[in-house]
Amino acid sequence: MNDRLTCILCPIGCELEVEADGGEIGVLGNQCDKGLDFAAEEILRPKRNLATSVPLAGTADRMLSVRLSERVPRESVAPILAEIIRLRPSPPVRRGDVLIANVCGSGADVIATRTIGDALLIPRFF
């Protein structure tokens, strides 16, 4: 299998030509060793990070941004997102609070990325 990737591990953004044969890969176009690691992971065991927003409990127009504490296997993203979609945290929430520990058995936690206090539940009139 031949593939083209753009390495995202450093500012250079090398265009990589990757040839995979079973568990072995060959990489051309990398200007540093990071490109080799990036290509190997992306072809053999791709991982993704996930960041999204969820509505706060008790309000329809207030959202809380959340993210995973670590990257997860690409095939785990859909089930994890389905779990996050059901999340309705109640204020107050502090940045870094774990909202779902070990989501879907992935080893990653869903954490809040901002702080929201009780005062934000007061209705807005403007």
# chains A, B, ... in the order shown; residues from 1 in each chain; ligands from 1
$ residues_around --residues "stretch 86-97 of chain A" --least-positions-apart "6" --cutoff "8 Å" --atoms "only C-alpha atoms" --output "list of chain:residue names"
A:Val54, A:Pro55, A:Leu56, A:Ala57, A:Gly58, A:Ile111, A:Ala112, A:Thr113, A:Arg114, A:Thr115, A:Ile116, A:Gly117, A:Asp118
$ select_by_dssp --residues "chain A" --states "strand (DSSP E)" --output "PDB file with N, CA and C atoms, in the first residue's frame"
ATOM      1  N   ASN A   2       0.629   2.159  -0.902  1.00  0.00           N
ATOM      2  CA  ASN A   2       1.334   3.436  -0.944  1.00  0.00           C
ATOM      3  C   ASN A   2       0.412   4.534  -0.449  1.00  0.00           C
ATOM      4  N   ASP A   3       0.968   5.473   0.298  1.00  0.00           N
ATOM      5  CA  ASP A   3       0.178   6.556   0.856  1.00  0.00           C
ATOM      6  C   ASP A   3       1.004   7.822   0.895  1.00  0.00           C
ATOM      7  N   ARG A   4       0.326   8.952   0.872  1.00  0.00           N
ATOM      8  CA  ARG A   4       0.968  10.260   1.024  1.00  0.00           C
ATOM      9  C   ARG A   4       0.429  10.906   2.288  1.00  0.00           C
ATOM     10  N   LEU A   5       1.335  11.402   3.119  1.00  0.00           N
ATOM     11  CA  LEU A   5       0.954  12.041   4.367  1.00  0.00           C
ATOM     12  C   LEU A   5       1.704  13.359   4.501  1.00  0.00           C
ATOM     13  N   THR A   6       1.134  14.281   5.233  1.00  0.00           N
ATOM     14  CA  THR A   6       1.845  15.488   5.624  1.00  0.00           C
ATOM     15  C   THR A   6       2.137  15.368   7.108  1.00  0.00           C
ATOM     16  N   GLU A  15       6.149  16.477   3.284  1.00  0.00           N
ATOM     17  CA  GLU A  15       5.272  15.612   2.499  1.00  0.00           C
ATOM     18  C   GLU A  15       5.929  14.234   2.460  1.00  0.00           C
ATOM     19  N   LEU A  16       5.278  13.261   3.052  1.00  0.00           N
ATOM     20  CA  LEU A  16       5.844  11.928   3.179  1.00  0.00           C
ATOM     21  C   LEU A  16       5.226  10.973   2.172  1.00  0.00           C
ATOM     22  N   GLU A  17       6.066  10.168   1.552  1.00  0.00           N
ATOM     23  CA  GLU A  17       5.632   9.049   0.708  1.00  0.00           C
ATOM     24  C   GLU A  17       5.844   7.799   1.551  1.00  0.00           C
ATOM     25  N   VAL A  18       4.770   7.073   1.813  1.00  0.00           N
ATOM     26  CA  VAL A  18       4.844   5.913   2.695  1.00  0.00           C
ATOM     27  C   VAL A  18       4.458   4.670   1.913  1.00  0.00           C
ATOM     28  N   GLU A  19       5.292   3.662   2.006  1.00  0.00           N
ATOM     29  CA  GLU A  19       4.997   2.369   1.410  1.00  0.00           C
ATOM     30  C   GLU A  19       4.912   1.356   2.540  1.00  0.00           C
ATOM     31  N   ALA A  20       3.762   0.724   2.662  1.00  0.00           N
ATOM     32  CA  ALA A  20       3.542  -0.243   3.727  1.00  0.00           C
ATOM     33  C   ALA A  20       3.380  -1.631   3.137  1.00  0.00           C
ATOM     34  N   ASP A  21       4.052  -2.586   3.743  1.00  0.00           N
ATOM     35  CA  ASP A  21       3.949  -3.979   3.336  1.00  0.00           C
ATOM     36  C   ASP A  21       3.844  -4.815   4.604  1.00  0.00           C
ATOM     37  N   GLU A  24       5.775  -3.753   7.962  1.00  0.00           N
ATOM     38  CA  GLU A  24       6.957  -2.967   7.612  1.00  0.00           C
ATOM     39  C   GLU A  24       6.548  -1.747   6.795  1.00  0.00           C
ATOM     40  N   ILE A  25       7.178  -0.613   7.076  1.00  0.00           N
ATOM     41  CA  ILE A  25       6.908   0.577   6.273  1.00  0.00           C
ATOM     42  C   ILE A  25       8.215   1.209   5.817  1.00  0.00           C
ATOM     43  N   GLY A  26       8.153   1.863   4.678  1.00  0.00           N
ATOM     44  CA  GLY A  26       9.264   2.649   4.165  1.00  0.00           C
ATOM     45  C   GLY A  26       8.783   4.078   3.993  1.00  0.00           C
ATOM     46  N   VAL A  27       9.596   5.047   4.393  1.00  0.00           N
ATOM     47  CA  VAL A  27       9.197   6.447   4.356  1.00  0.00           C
ATOM     48  C   VAL A  27      10.228   7.251   3.581  1.00  0.00           C
ATOM     49  N   LEU A  28       9.750   8.078   2.656  1.00  0.00           N
ATOM     50  CA  LEU A  28      10.593   9.018   1.917  1.00  0.00           C
ATOM     51  C   LEU A  28      10.051  10.417   2.120  1.00  0.00           C
ATOM     52  N   LYS A  47      -3.901   7.273  15.910  1.00  0.00           N
ATOM     53  CA  LYS A  47      -4.558   7.788  17.109  1.00  0.00           C
ATOM     54  C   LYS A  47      -5.060   9.196  16.833  1.00  0.00           C
ATOM     55  N   ARG A  48      -6.079   9.592  17.575  1.00  0.00           N
ATOM     56  CA  ARG A  48      -6.666  10.905  17.415  1.00  0.00           C
ATOM     57  C   ARG A  48      -6.955  11.518  18.779  1.00  0.00           C
ATOM     58  N   ALA A  51     -11.752  17.076  20.712  1.00  0.00           N
ATOM     59  CA  ALA A  51     -12.192  18.257  21.462  1.00  0.00           C
ATOM     60  C   ALA A  51     -13.551  18.654  20.902  1.00  0.00           C
ATOM     61  N   THR A  52     -14.482  18.979  21.801  1.00  0.00           N
ATOM     62  CA  THR A  52     -15.824  19.351  21.385  1.00  0.00           C
ATOM     63  C   THR A  52     -16.455  20.196  22.477  1.00  0.00           C
ATOM     64  N   SER A  53     -17.727  20.503  22.326  1.00  0.00           N
ATOM     65  CA  SER A  53     -18.467  21.257  23.338  1.00  0.00           C
ATOM     66  C   SER A  53     -19.727  20.498  23.704  1.00  0.00           C
ATOM     67  N   VAL A  54     -20.133  20.639  24.960  1.00  0.00           N
ATOM     68  CA  VAL A  54     -21.364  20.007  25.433  1.00  0.00           C
ATOM     69  C   VAL A  54     -22.213  21.061  26.135  1.00  0.00           C
ATOM     70  N   PRO A  55     -23.544  20.915  26.069  1.00  0.00           N
ATOM     71  CA  PRO A  55     -24.400  21.880  26.765  1.00  0.00           C
ATOM     72  C   PRO A  55     -24.356  21.659  28.274  1.00  0.00           C
ATOM     73  N   MET A  63     -22.533  26.541  26.616  1.00  0.00           N
ATOM     74  CA  MET A  63     -21.761  25.355  26.248  1.00  0.00           C
ATOM     75  C   MET A  63     -20.466  25.316  27.053  1.00  0.00           C
ATOM     76  N   LEU A  64     -19.976  24.120  27.280  1.00  0.00           N
ATOM     77  CA  LEU A  64     -18.704  23.897  27.957  1.00  0.00           C
ATOM     78  C   LEU A  64     -17.791  23.148  26.996  1.00  0.00           C
ATOM     79  N   SER A  65     -16.604  23.662  26.779  1.00  0.00           N
ATOM     80  CA  SER A  65     -15.653  22.959  25.919  1.00  0.00           C
ATOM     81  C   SER A  65     -14.971  21.857  26.721  1.00  0.00           C
ATOM     82  N   VAL A  66     -14.788  20.706  26.059  1.00  0.00           N
ATOM     83  CA  VAL A  66     -14.174  19.535  26.685  1.00  0.00           C
ATOM     84  C   VAL A  66     -13.172  18.922  25.707  1.00  0.00           C
ATOM     85  N   ARG A  67     -12.271  18.134  26.243  1.00  0.00           N
ATOM     86  CA  ARG A  67     -11.310  17.411  25.402  1.00  0.00           C
ATOM     87  C   ARG A  67     -10.915  16.125  26.107  1.00  0.00           C
ATOM     88  N   LEU A  68     -10.211  15.278  25.352  1.00  0.00           N
ATOM     89  CA  LEU A  68      -9.677  14.055  25.947  1.00  0.00           C
ATOM     90  C   LEU A  68      -8.321  14.353  26.582  1.00  0.00           C
ATOM     91  N   VAL A  72      -6.456   8.717  21.486  1.00  0.00           N
ATOM     92  CA  VAL A  72      -7.053   7.376  21.536  1.00  0.00           C
ATOM     93  C   VAL A  72      -6.995   6.749  20.147  1.00  0.00           C
ATOM     94  N   PRO A  73      -7.083   5.427  20.053  1.00  0.00           N
ATOM     95  CA  PRO A  73      -7.118   4.789  18.732  1.00  0.00           C
ATOM     96  C   PRO A  73      -8.257   5.352  17.892  1.00  0.00           C
ATOM     97  N   VAL A  98     -12.345  16.274  35.710  1.00  0.00           N
ATOM     98  CA  VAL A  98     -12.628  15.051  34.948  1.00  0.00           C
ATOM     99  C   VAL A  98     -14.135  14.850  34.950  1.00  0.00           C
ATOM    100  N   LEU A  99     -14.721  14.889  33.765  1.00  0.00           N
ATOM    101  CA  LEU A  99     -16.173  14.747  33.626  1.00  0.00           C
ATOM    102  C   LEU A  99     -16.577  13.304  33.364  1.00  0.00           C
ATOM    103  N   ILE A 100     -15.740  12.562  32.644  1.00  0.00           N
ATOM    104  CA  ILE A 100     -15.937  11.115  32.446  1.00  0.00           C
ATOM    105  C   ILE A 100     -14.551  10.481  32.546  1.00  0.00           C
ATOM    106  N   VAL A 110     -12.397  12.458  29.872  1.00  0.00           N
ATOM    107  CA  VAL A 110     -12.991  13.651  29.273  1.00  0.00           C
ATOM    108  C   VAL A 110     -12.856  14.745  30.319  1.00  0.00           C
ATOM    109  N   ILE A 111     -12.162  15.838  29.951  1.00  0.00           N
ATOM    110  CA  ILE A 111     -11.913  16.909  30.909  1.00  0.00           C
ATOM    111  C   ILE A 111     -12.443  18.243  30.400  1.00  0.00           C
ATOM    112  N   ALA A 112     -12.829  19.094  31.343  1.00  0.00           N
ATOM    113  CA  ALA A 112     -13.294  20.445  31.012  1.00  0.00           C
ATOM    114  C   ALA A 112     -12.088  21.299  30.648  1.00  0.00           C
TER     115      ALA A 112
END
$ atom_distance --atom1 "atom CA of A:Asn49" --atom2 "atom CA of A:Ser69"
8.4 Å
$ atom_distance --atom1 "atom CA of A:Cys10" --atom2 "atom CA of A:Arg45"
19.8 Å
$ select_by_dssp --residues "chain A" --states "alpha helix (DSSP H)" --output "list in words"
Asp33, Lys34, Gly35, Leu36, Asp37, Phe38, Ala39, Ala40, Glu41, Glu42, Ile43, Leu44, Val77, Ala78, Pro79, Ile80, Leu81, Ala82, Glu83, Ile84 and Ile85 of chain A
$ write_last_selection --atoms "N, CA and C atoms" --output "PDB file, in the first residue's frame"
ATOM      1  N   ASP A  33      13.785  12.686  12.026  1.00  0.00           N
ATOM      2  CA  ASP A  33      13.317  11.373  12.487  1.00  0.00           C
ATOM      3  C   ASP A  33      11.864  11.385  12.956  1.00  0.00           C
ATOM      4  N   LYS A  34      11.341  12.567  13.277  1.00  0.00           N
ATOM      5  CA  LYS A  34       9.948  12.644  13.708  1.00  0.00           C
ATOM      6  C   LYS A  34       9.010  12.155  12.609  1.00  0.00           C
ATOM      7  N   GLY A  35       9.374  12.389  11.353  1.00  0.00           N
ATOM      8  CA  GLY A  35       8.552  11.950  10.236  1.00  0.00           C
ATOM      9  C   GLY A  35       8.422  10.445  10.176  1.00  0.00           C
ATOM     10  N   LEU A  36       9.485   9.734  10.536  1.00  0.00           N
ATOM     11  CA  LEU A  36       9.436   8.270  10.558  1.00  0.00           C
ATOM     12  C   LEU A  36       8.433   7.784  11.605  1.00  0.00           C
ATOM     13  N   ASP A  37       8.509   8.369  12.805  1.00  0.00           N
ATOM     14  CA  ASP A  37       7.598   7.979  13.883  1.00  0.00           C
ATOM     15  C   ASP A  37       6.158   8.319  13.527  1.00  0.00           C
ATOM     16  N   PHE A  38       5.958   9.519  12.960  1.00  0.00           N
ATOM     17  CA  PHE A  38       4.612   9.949  12.579  1.00  0.00           C
ATOM     18  C   PHE A  38       4.010   8.990  11.559  1.00  0.00           C
ATOM     19  N   ALA A  39       4.763   8.672  10.517  1.00  0.00           N
ATOM     20  CA  ALA A  39       4.265   7.793   9.456  1.00  0.00           C
ATOM     21  C   ALA A  39       3.947   6.396   9.998  1.00  0.00           C
ATOM     22  N   ALA A  40       4.832   5.865  10.834  1.00  0.00           N
ATOM     23  CA  ALA A  40       4.607   4.530  11.392  1.00  0.00           C
ATOM     24  C   ALA A  40       3.321   4.494  12.209  1.00  0.00           C
ATOM     25  N   GLU A  41       3.125   5.491  13.057  1.00  0.00           N
ATOM     26  CA  GLU A  41       1.912   5.501  13.876  1.00  0.00           C
ATOM     27  C   GLU A  41       0.668   5.717  13.020  1.00  0.00           C
ATOM     28  N   GLU A  42       0.743   6.629  12.075  1.00  0.00           N
ATOM     29  CA  GLU A  42      -0.434   6.953  11.264  1.00  0.00           C
ATOM     30  C   GLU A  42      -0.857   5.784  10.379  1.00  0.00           C
ATOM     31  N   ILE A  43       0.070   5.008   9.906  1.00  0.00           N
ATOM     32  CA  ILE A  43      -0.249   3.871   9.040  1.00  0.00           C
ATOM     33  C   ILE A  43      -0.599   2.618   9.850  1.00  0.00           C
ATOM     34  N   LEU A  44       0.179   2.325  10.897  1.00  0.00           N
ATOM     35  CA  LEU A  44       0.019   1.062  11.616  1.00  0.00           C
ATOM     36  C   LEU A  44      -0.976   1.125  12.773  1.00  0.00           C
ATOM     37  N   VAL A  77     -12.945   6.700  18.426  1.00  0.00           N
ATOM     38  CA  VAL A  77     -13.478   8.067  18.434  1.00  0.00           C
ATOM     39  C   VAL A  77     -15.008   8.081  18.397  1.00  0.00           C
ATOM     40  N   ALA A  78     -15.637   7.320  17.518  1.00  0.00           N
ATOM     41  CA  ALA A  78     -17.101   7.348  17.408  1.00  0.00           C
ATOM     42  C   ALA A  78     -17.789   6.914  18.699  1.00  0.00           C
ATOM     43  N   PRO A  79     -17.417   5.790  19.332  1.00  0.00           N
ATOM     44  CA  PRO A  79     -18.079   5.424  20.586  1.00  0.00           C
ATOM     45  C   PRO A  79     -17.824   6.438  21.704  1.00  0.00           C
ATOM     46  N   ILE A  80     -16.632   7.008  21.723  1.00  0.00           N
ATOM     47  CA  ILE A  80     -16.329   8.013  22.748  1.00  0.00           C
ATOM     48  C   ILE A  80     -17.178   9.255  22.527  1.00  0.00           C
ATOM     49  N   LEU A  81     -17.302   9.684  21.283  1.00  0.00           N
ATOM     50  CA  LEU A  81     -18.123  10.847  20.979  1.00  0.00           C
ATOM     51  C   LEU A  81     -19.587  10.593  21.342  1.00  0.00           C
ATOM     52  N   ALA A  82     -20.071   9.388  21.111  1.00  0.00           N
ATOM     53  CA  ALA A  82     -21.451   9.042  21.483  1.00  0.00           C
ATOM     54  C   ALA A  82     -21.646   9.163  22.997  1.00  0.00           C
ATOM     55  N   GLU A  83     -20.632   8.820  23.755  1.00  0.00           N
ATOM     56  CA  GLU A  83     -20.698   8.944  25.214  1.00  0.00           C
ATOM     57  C   GLU A  83     -20.653  10.421  25.634  1.00  0.00           C
ATOM     58  N   ILE A  84     -19.794  11.198  24.983  1.00  0.00           N
ATOM     59  CA  ILE A  84     -19.668  12.620  25.315  1.00  0.00           C
ATOM     60  C   ILE A  84     -20.960  13.371  24.990  1.00  0.00           C
ATOM     61  N   ILE A  85     -21.630  12.993  23.911  1.00  0.00           N
ATOM     62  CA  ILE A  85     -22.857  13.685  23.499  1.00  0.00           C
ATOM     63  C   ILE A  85     -23.916  13.632  24.599  1.00  0.00           C
TER      64      ILE A  85
END
